[in-house]
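Just coords.cif here, mmCIF, C-alpha atoms, pLDDT in the B column; chains and numbers go by the auth columns:
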data_structure
#
loop_
_atom_site.group_PDB
_atom_site.id
_atom_site.type_symbol
_atom_site.label_atom_id
_atom_site.label_comp_id
_atom_site.label_asym_id
_atom_site.label_seq_id
_atom_site.Cartn_x
_atom_site.Cartn_y
_atom_site.Cartn_z
_atom_site.B_iso_or_equiv
_atom_site.auth_seq_id
_atom_site.auth_asym_id
ATOM 1 C CA MET A 1 76.814 79.348 -19.897 71.00 1 A
ATOM 2 C CA PHE A 2 75.624 78.835 -23.472 76.00 2 A
ATOM 3 C CA ILE A 3 72.737 80.598 -25.141 79.00 3 A
ATOM 4 C CA ILE A 4 71.246 79.141 -28.281 74.00 4 A
ATOM 5 C CA THR A 5 68.973 81.267 -30.406 73.00 5 A
ATOM 6 C CA LYS A 6 66.883 80.227 -33.348 71.00 6 A
ATOM 7 C CA ARG A 7 65.116 82.443 -35.787 77.00 7 A
ATOM 8 C CA PHE A 8 61.403 81.583 -35.976 71.00 8 A
ATOM 9 C CA THR A 9 59.856 82.766 -39.239 82.00 9 A
ATOM 10 C CA ARG A 10 56.236 82.867 -40.299 83.00 10 A
ATOM 11 C CA ALA A 11 56.808 79.922 -42.695 78.00 11 A
ATOM 12 C CA LYS A 12 58.234 77.816 -39.844 75.00 12 A
ATOM 13 C CA ALA A 13 55.263 78.731 -37.657 72.00 13 A
ATOM 14 C CA VAL A 14 52.750 77.677 -40.338 74.00 14 A
ATOM 15 C CA GLY A 15 54.686 74.457 -40.953 72.00 15 A
ATOM 16 C CA SER A 16 54.746 73.676 -37.230 72.00 16 A
ATOM 17 C CA VAL A 17 50.983 74.242 -36.910 73.00 17 A
ATOM 18 C CA LEU A 18 50.302 72.018 -39.941 73.00 18 A
ATOM 19 C CA LEU A 19 52.573 69.277 -38.589 76.00 19 A
ATOM 20 C CA LEU A 20 50.868 69.460 -35.211 68.00 20 A
ATOM 21 C CA GLY A 21 47.452 69.240 -36.914 71.00 21 A
ATOM 22 C CA ILE A 22 48.487 66.162 -38.894 80.00 22 A
ATOM 23 C CA CYS A 23 49.796 64.492 -35.740 67.00 23 A
ATOM 24 C CA LEU A 24 46.556 65.217 -33.861 70.00 24 A
ATOM 25 C CA ALA A 25 44.437 63.906 -36.752 70.00 25 A
ATOM 26 C CA GLY A 26 46.521 60.724 -36.808 68.00 26 A
ATOM 27 C CA LEU A 27 46.071 60.230 -33.065 70.00 27 A
ATOM 28 C CA ILE A 28 42.306 60.723 -33.352 75.00 28 A
ATOM 29 C CA LEU A 29 42.074 58.173 -36.183 69.00 29 A
ATOM 30 C CA LEU A 30 44.243 55.727 -34.287 69.00 30 A
ATOM 31 C CA ALA A 31 42.150 56.104 -31.137 68.00 31 A
ATOM 32 C CA GLY A 32 38.978 55.536 -33.171 62.00 32 A
ATOM 33 C CA ALA A 33 40.403 52.374 -34.745 57.00 33 A
ATOM 34 C CA CYS A 34 41.444 51.009 -31.347 53.00 34 A
ATOM 35 C CA ASP A 35 38.044 51.838 -29.852 49.00 35 A
ATOM 36 C CA ARG A 36 36.119 49.767 -32.382 46.00 36 A
ATOM 37 C CA SER A 37 34.839 46.555 -30.916 44.00 37 A
ATOM 38 C CA GLU A 38 35.892 43.247 -32.357 48.00 38 A
ATOM 39 C CA GLU A 39 33.620 41.505 -34.844 54.00 39 A
ATOM 40 C CA VAL A 40 30.733 39.806 -33.145 60.00 40 A
ATOM 41 C CA ALA A 41 31.121 36.037 -33.211 69.00 41 A
ATOM 42 C CA PRO A 42 28.208 34.063 -34.645 74.00 42 A
ATOM 43 C CA PRO A 43 25.852 32.655 -31.987 81.00 43 A
ATOM 44 C CA SER A 44 26.531 29.117 -30.829 83.00 44 A
ATOM 45 C CA ALA A 45 24.234 26.409 -32.168 85.00 45 A
ATOM 46 C CA ALA A 46 25.935 23.213 -31.071 87.00 46 A
ATOM 47 C CA SER A 47 22.692 21.884 -29.573 93.00 47 A
ATOM 48 C CA ASN A 48 18.976 22.307 -30.130 94.00 48 A
ATOM 49 C CA ASP A 49 18.715 23.990 -26.712 94.00 49 A
ATOM 50 C CA GLU A 50 21.232 26.654 -27.801 94.00 50 A
ATOM 51 C CA ARG A 51 19.314 27.288 -31.024 94.00 51 A
ATOM 52 C CA LEU A 52 16.029 27.577 -29.100 95.00 52 A
ATOM 53 C CA ALA A 53 17.626 29.958 -26.573 94.00 53 A
ATOM 54 C CA TYR A 54 18.926 32.160 -29.412 93.00 54 A
ATOM 55 C CA LEU A 55 15.488 32.310 -31.013 94.00 55 A
ATOM 56 C CA ALA A 56 13.865 33.105 -27.657 94.00 56 A
ATOM 57 C CA GLU A 57 16.305 36.021 -27.219 92.00 57 A
ATOM 58 C CA LEU A 58 15.045 37.375 -30.534 93.00 58 A
ATOM 59 C CA GLY A 59 11.426 37.015 -29.359 93.00 59 A
ATOM 60 C CA TRP A 60 10.449 33.916 -31.323 94.00 60 A
ATOM 61 C CA GLU A 61 8.363 31.061 -29.950 94.00 61 A
ATOM 62 C CA VAL A 62 8.897 27.910 -31.995 95.00 62 A
ATOM 63 C CA ASP A 63 8.158 24.213 -31.637 95.00 63 A
ATOM 64 C CA ALA A 64 10.775 22.491 -29.485 95.00 64 A
ATOM 65 C CA GLU A 65 11.978 20.262 -32.315 96.00 65 A
ATOM 66 C CA PRO A 66 12.720 21.251 -35.906 96.00 66 A
ATOM 67 C CA VAL A 67 10.196 20.097 -38.500 96.00 67 A
ATOM 68 C CA GLU A 68 13.061 19.516 -40.926 96.00 68 A
ATOM 69 C CA THR A 69 16.832 19.138 -40.770 96.00 69 A
ATOM 70 C CA LEU A 70 18.623 19.407 -44.100 96.00 70 A
ATOM 71 C CA HIS A 71 22.347 19.107 -44.869 96.00 71 A
ATOM 72 C CA LEU A 72 23.537 21.418 -47.662 93.00 72 A
ATOM 73 C CA GLN A 73 26.788 22.182 -49.441 94.00 73 A
ATOM 74 C CA LEU A 74 27.224 25.903 -50.114 92.00 74 A
ATOM 75 C CA PRO A 75 28.626 26.770 -53.551 91.00 75 A
ATOM 76 C CA GLU A 76 32.177 28.034 -53.917 91.00 76 A
ATOM 77 C CA GLU A 77 30.905 31.178 -55.704 88.00 77 A
ATOM 78 C CA PHE A 78 27.668 32.998 -54.873 84.00 78 A
ATOM 79 C CA GLN A 79 27.583 35.309 -57.888 82.00 79 A
ATOM 80 C CA ASP A 80 24.624 34.636 -60.204 79.00 80 A
ATOM 81 C CA THR A 81 23.071 32.076 -57.837 83.00 81 A
ATOM 82 C CA GLU A 82 20.057 32.182 -55.516 87.00 82 A
ATOM 83 C CA TYR A 83 22.551 32.377 -52.643 87.00 83 A
ATOM 84 C CA ASP A 84 23.717 35.803 -53.841 88.00 84 A
ATOM 85 C CA ALA A 85 20.250 37.322 -53.306 89.00 85 A
ATOM 86 C CA TYR A 86 19.788 35.367 -50.065 92.00 86 A
ATOM 87 C CA ASN A 87 23.103 36.657 -48.741 93.00 87 A
ATOM 88 C CA THR A 88 21.882 40.239 -49.275 92.00 88 A
ATOM 89 C CA LEU A 89 19.179 39.511 -46.671 93.00 89 A
ATOM 90 C CA GLN A 90 21.792 37.976 -44.374 93.00 90 A
ATOM 91 C CA LEU A 91 24.062 41.016 -44.583 94.00 91 A
ATOM 92 C CA THR A 92 21.239 43.175 -43.166 93.00 92 A
ATOM 93 C CA GLN A 93 21.309 41.128 -39.969 91.00 93 A
ATOM 94 C CA GLY A 94 25.053 40.761 -39.507 91.00 94 A
ATOM 95 C CA PHE A 95 25.620 37.390 -41.192 92.00 95 A
ATOM 96 C CA ASP A 96 27.688 36.795 -44.329 92.00 96 A
ATOM 97 C CA LEU A 97 27.401 33.401 -45.995 91.00 97 A
ATOM 98 C CA ARG A 98 30.338 34.169 -48.296 92.00 98 A
ATOM 99 C CA GLU A 99 32.619 33.420 -45.343 92.00 99 A
ATOM 100 C CA TYR A 100 31.322 29.827 -45.484 93.00 100 A
ATOM 101 C CA ALA A 101 31.416 29.345 -49.279 92.00 101 A
ATOM 102 C CA GLY A 102 32.142 25.737 -50.198 93.00 102 A
ATOM 103 C CA LEU A 103 31.408 24.415 -46.695 94.00 103 A
ATOM 104 C CA SER A 104 28.649 22.120 -45.469 95.00 104 A
ATOM 105 C CA VAL A 105 25.834 23.688 -43.460 95.00 105 A
ATOM 106 C CA VAL A 106 22.789 22.283 -41.716 96.00 106 A
ATOM 107 C CA ARG A 107 19.425 24.009 -42.109 96.00 107 A
ATOM 108 C CA TYR A 108 17.076 23.617 -39.156 96.00 108 A
ATOM 109 C CA THR A 109 13.465 24.567 -39.938 96.00 109 A
ATOM 110 C CA TYR A 110 11.177 25.387 -37.005 96.00 110 A
ATOM 111 C CA ALA A 111 7.435 26.045 -36.951 95.00 111 A
ATOM 112 C CA VAL A 112 6.772 29.539 -35.574 94.00 112 A
ATOM 113 C CA LYS A 113 4.026 29.852 -32.957 93.00 113 A
ATOM 114 C CA ASN A 114 3.899 33.607 -32.383 92.00 114 A
ATOM 115 C CA TYR A 115 4.107 35.484 -35.701 90.00 115 A
ATOM 116 C CA PRO A 116 1.996 38.637 -35.184 89.00 116 A
ATOM 117 C CA ASP A 117 -1.289 38.930 -37.082 83.00 117 A
ATOM 118 C CA ARG A 118 -0.745 35.751 -39.075 83.00 118 A
ATOM 119 C CA SER A 119 -2.861 32.622 -38.682 79.00 119 A
ATOM 120 C CA ASP A 120 -1.320 30.473 -41.446 85.00 120 A
ATOM 121 C CA ALA A 121 1.931 28.545 -41.169 90.00 121 A
ATOM 122 C CA VAL A 122 5.167 30.493 -40.715 93.00 122 A
ATOM 123 C CA GLN A 123 8.542 28.802 -40.569 95.00 123 A
ATOM 124 C CA LEU A 124 11.941 29.904 -39.349 96.00 124 A
ATOM 125 C CA ASN A 125 15.190 28.593 -40.854 96.00 125 A
ATOM 126 C CA LEU A 126 18.554 28.588 -39.118 96.00 126 A
ATOM 127 C CA TYR A 127 21.670 27.709 -41.070 95.00 127 A
ATOM 128 C CA CYS A 128 24.487 26.334 -38.926 95.00 128 A
ATOM 129 C CA CYS A 129 28.097 25.562 -39.749 93.00 129 A
ATOM 130 C CA GLU A 130 30.512 23.931 -37.322 91.00 130 A
ATOM 131 C CA GLY A 131 28.234 24.597 -34.355 92.00 131 A
ATOM 132 C CA LEU A 132 27.590 28.280 -35.164 93.00 132 A
ATOM 133 C CA ILE A 133 24.540 30.060 -36.573 94.00 133 A
ATOM 134 C CA VAL A 134 25.661 31.577 -39.872 94.00 134 A
ATOM 135 C CA ALA A 135 22.327 32.622 -41.446 95.00 135 A
ATOM 136 C CA GLY A 136 18.608 32.606 -40.858 95.00 136 A
ATOM 137 C CA ASP A 137 15.241 33.752 -42.163 96.00 137 A
ATOM 138 C CA VAL A 138 11.528 33.693 -41.441 96.00 138 A
ATOM 139 C CA MET A 139 9.161 32.712 -44.216 94.00 139 A
ATOM 140 C CA ALA A 140 5.586 31.954 -45.109 92.00 140 A
ATOM 141 C CA LEU A 141 4.571 30.202 -48.306 84.00 141 A
ATOM 142 C CA GLY A 142 1.415 30.526 -50.344 79.00 142 A
ATOM 143 C CA GLU A 143 -0.780 33.587 -50.766 82.00 143 A
ATOM 144 C CA ASN A 144 0.792 36.659 -49.165 83.00 144 A
ATOM 145 C CA GLY A 145 3.992 34.679 -48.643 90.00 145 A
ATOM 146 C CA PHE A 146 7.188 36.398 -47.605 93.00 146 A
ATOM 147 C CA GLN A 147 10.778 35.899 -46.571 92.00 147 A
ATOM 148 C CA SER A 148 12.327 38.222 -43.994 93.00 148 A
ATOM 149 C CA SER A 149 15.162 38.514 -41.508 94.00 149 A
ATOM 150 C CA LEU A 150 15.164 37.028 -38.008 94.00 150 A
ATOM 151 C CA VAL A 151 14.180 40.382 -36.512 93.00 151 A
ATOM 152 C CA PHE A 152 10.887 39.922 -34.651 91.00 152 A
ATOM 153 C CA PRO A 153 8.221 42.042 -36.416 87.00 153 A
ATOM 154 C CA ALA A 154 6.143 44.641 -34.626 75.00 154 A
ATOM 155 C CA ALA A 155 2.414 43.910 -34.506 55.00 155 A
ATOM 156 C CA GLU A 156 0.408 46.103 -36.878 48.00 156 A
#

Would it be possible to restate this file's structure as structure tokens?
Amino acid sequence: MFIITKRFTRAKAVGSVLLLGICLAGLILLAGACDRSEEVAPPSAASNDERLAYLAELGWEVDAEPVETLHLQLPEEFQDTEYDAYNTLQLTQGFDLREYAGLSVVRYTYAVKNYPDRSDAVQLNLYCCEGLIVAGDVMALGENGFQSSLVFPAAE
């Protein structure tokens, strides 16, 4: 029979506790990274029915057909363009137009029927690229005009 002994000093004890703490912290960080859900894919917009269904999910009632369909080419760079400010609005709702820089998009403009406490014309724009919704906004022109995200507003 063999007996092996090892001297365990205070320095070794502190080192072991620190090493164990680092290992536990690493496991916690790793578990947190694995637990994060994947990026949410942009909503499908291959057909007008899909676009209307998406808008209905958000609470919007719009005319069945767009009042305007416009094909646009996004710039390669957004810095110092109107798209840079517009993309700031998009980032608040989970879209990022920079991912589509340089690509062609289609803007579908719908007349909104149910904007709360507003009797004048309100329009909703959806920007689509390769069958996916990549941006959107709600806007009213003229006096007291505005531009906001696709989030349905609460009635005042």

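CA of Val62 in chain A to CA of Glu130 in chain A spans 22.6 Å [interatomic distance, one decimal].
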
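Residues of protein, DNA and RNA with at least one atom no farther than 10 Å from (2.9, 39.1, -31.1) are, using all atoms listed in the file, Gly59, Trp60, Glu61, Lys113, Asn114, Tyr115, Pro116, Asp117, Arg118, Phe152, Pro153, Ala154, Ala155 and Glu156 of chain A.
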
Write a file of the selected residues as a short mmCIF file (atom, residue, chain, number, x, y, z; two decimals), in the coordinates of the input, keeping C-alpha atoms.
data_model
loop_
_atom_site.label_atom_id
_atom_site.label_comp_id
_atom_site.auth_asym_id
_atom_site.auth_seq_id
_atom_site.Cartn_x
_atom_site.Cartn_y
_atom_site.Cartn_z
CA GLY A 59 11.43 37.02 -29.36
CA TRP A 60 10.45 33.92 -31.32
CA GLU A 61 8.36 31.06 -29.95
CA LYS A 113 4.03 29.85 -32.96
CA ASN A 114 3.90 33.61 -32.38
CA TYR A 115 4.11 35.48 -35.70
CA PRO A 116 2.00 38.64 -35.18
CA ASP A 117 -1.29 38.93 -37.08
CA ARG A 118 -0.74 35.75 -39.08
CA PHE A 152 10.89 39.92 -34.65
CA PRO A 153 8.22 42.04 -36.42
CA ALA A 154 6.14 44.64 -34.63
CA ALA A 155 2.41 43.91 -34.51
CA GLU A 156 0.41 46.10 -36.88
#

How would you write, as a list in words, the residues chosen by the PyMOL selection byres ((chain A and resi 105) around 6) on this structure? His71, Leu72, Ser104, Val106, Cys128 and Cys129 of chain A

One number please: CA of Glu82 in chain A to CA of Arg107 in chain A, in Å, one decimal.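 So the two atoms, CA of Glu82 in chain A and CA of Arg107 in chain A, lie 15.7 Å apart.
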
Figure out the distance between CA of Val134 in chain A and CA of Leu52 in chain A, please, to one decimal in Å. 15.0 Å

Which residue out of A:Val151, A:Val67, A:Leu89, A:Leu141 has the minimum interatomic distance to Tyr54 in chain A when only C-alpha atoms are used? A:Val151

Expected selection from the PyMOL selection byres ((chain A and resi 43) around 12), given as a list in words: Val40, Ala41, Pro42, Ser44, Ala45, Ala46, Ser47, Glu50, Arg51, Leu52, Ala53, Tyr54, Leu55, Glu57, Leu58, Gly94, Phe95, Leu126, Tyr127, Cys128, Cys129, Glu130, Gly131, Leu132, Ile133, Val134, Ala135 and Gly136 of chain A

Decode the PyMOL selection byres ((chain A and resi 121) around 10) for the given file into explicit residues and return them as an MDAnalysis selection string. chainID A and resid 111:113 115 118:120 122:123 139:142 145

Around range 13-28 of chain A, with edges along x, y and z and 8 Å added on all six sides, what centre and edge lengths do you get, in Å to one decimal, as lines of an AutoDock Vina configuration file?
center_x = 48.8
center_y = 69.5
center_z = -37.0
size_x = 29.0
size_y = 34.5
size_z = 23.9

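By all atoms listed in the file, and with residues fewer than 3 positions from Asp137 in chain A along its chain excluded, the set lying at most 7 Å from it is Leu124, Asn125, Leu126, Gln147, Ser148, Ser149 and Leu150 of chain A.
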
Given all atoms listed in the file as the counted atoms, nearest of A:Asn48, A:Thr109, A:Thr88, A:Thr81 to Glu68 in chain A: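 Of A:Asn48, A:Thr109, A:Thr88, A:Thr81, the one nearest Glu68 in chain A is A:Thr109, counting all atoms listed in the file.
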
Among A:Tyr100, A:Thr9, A:Leu18, A:Tyr110, Phe78 in chain A is approached most closely, using all atoms listed in the file, by A:Tyr100
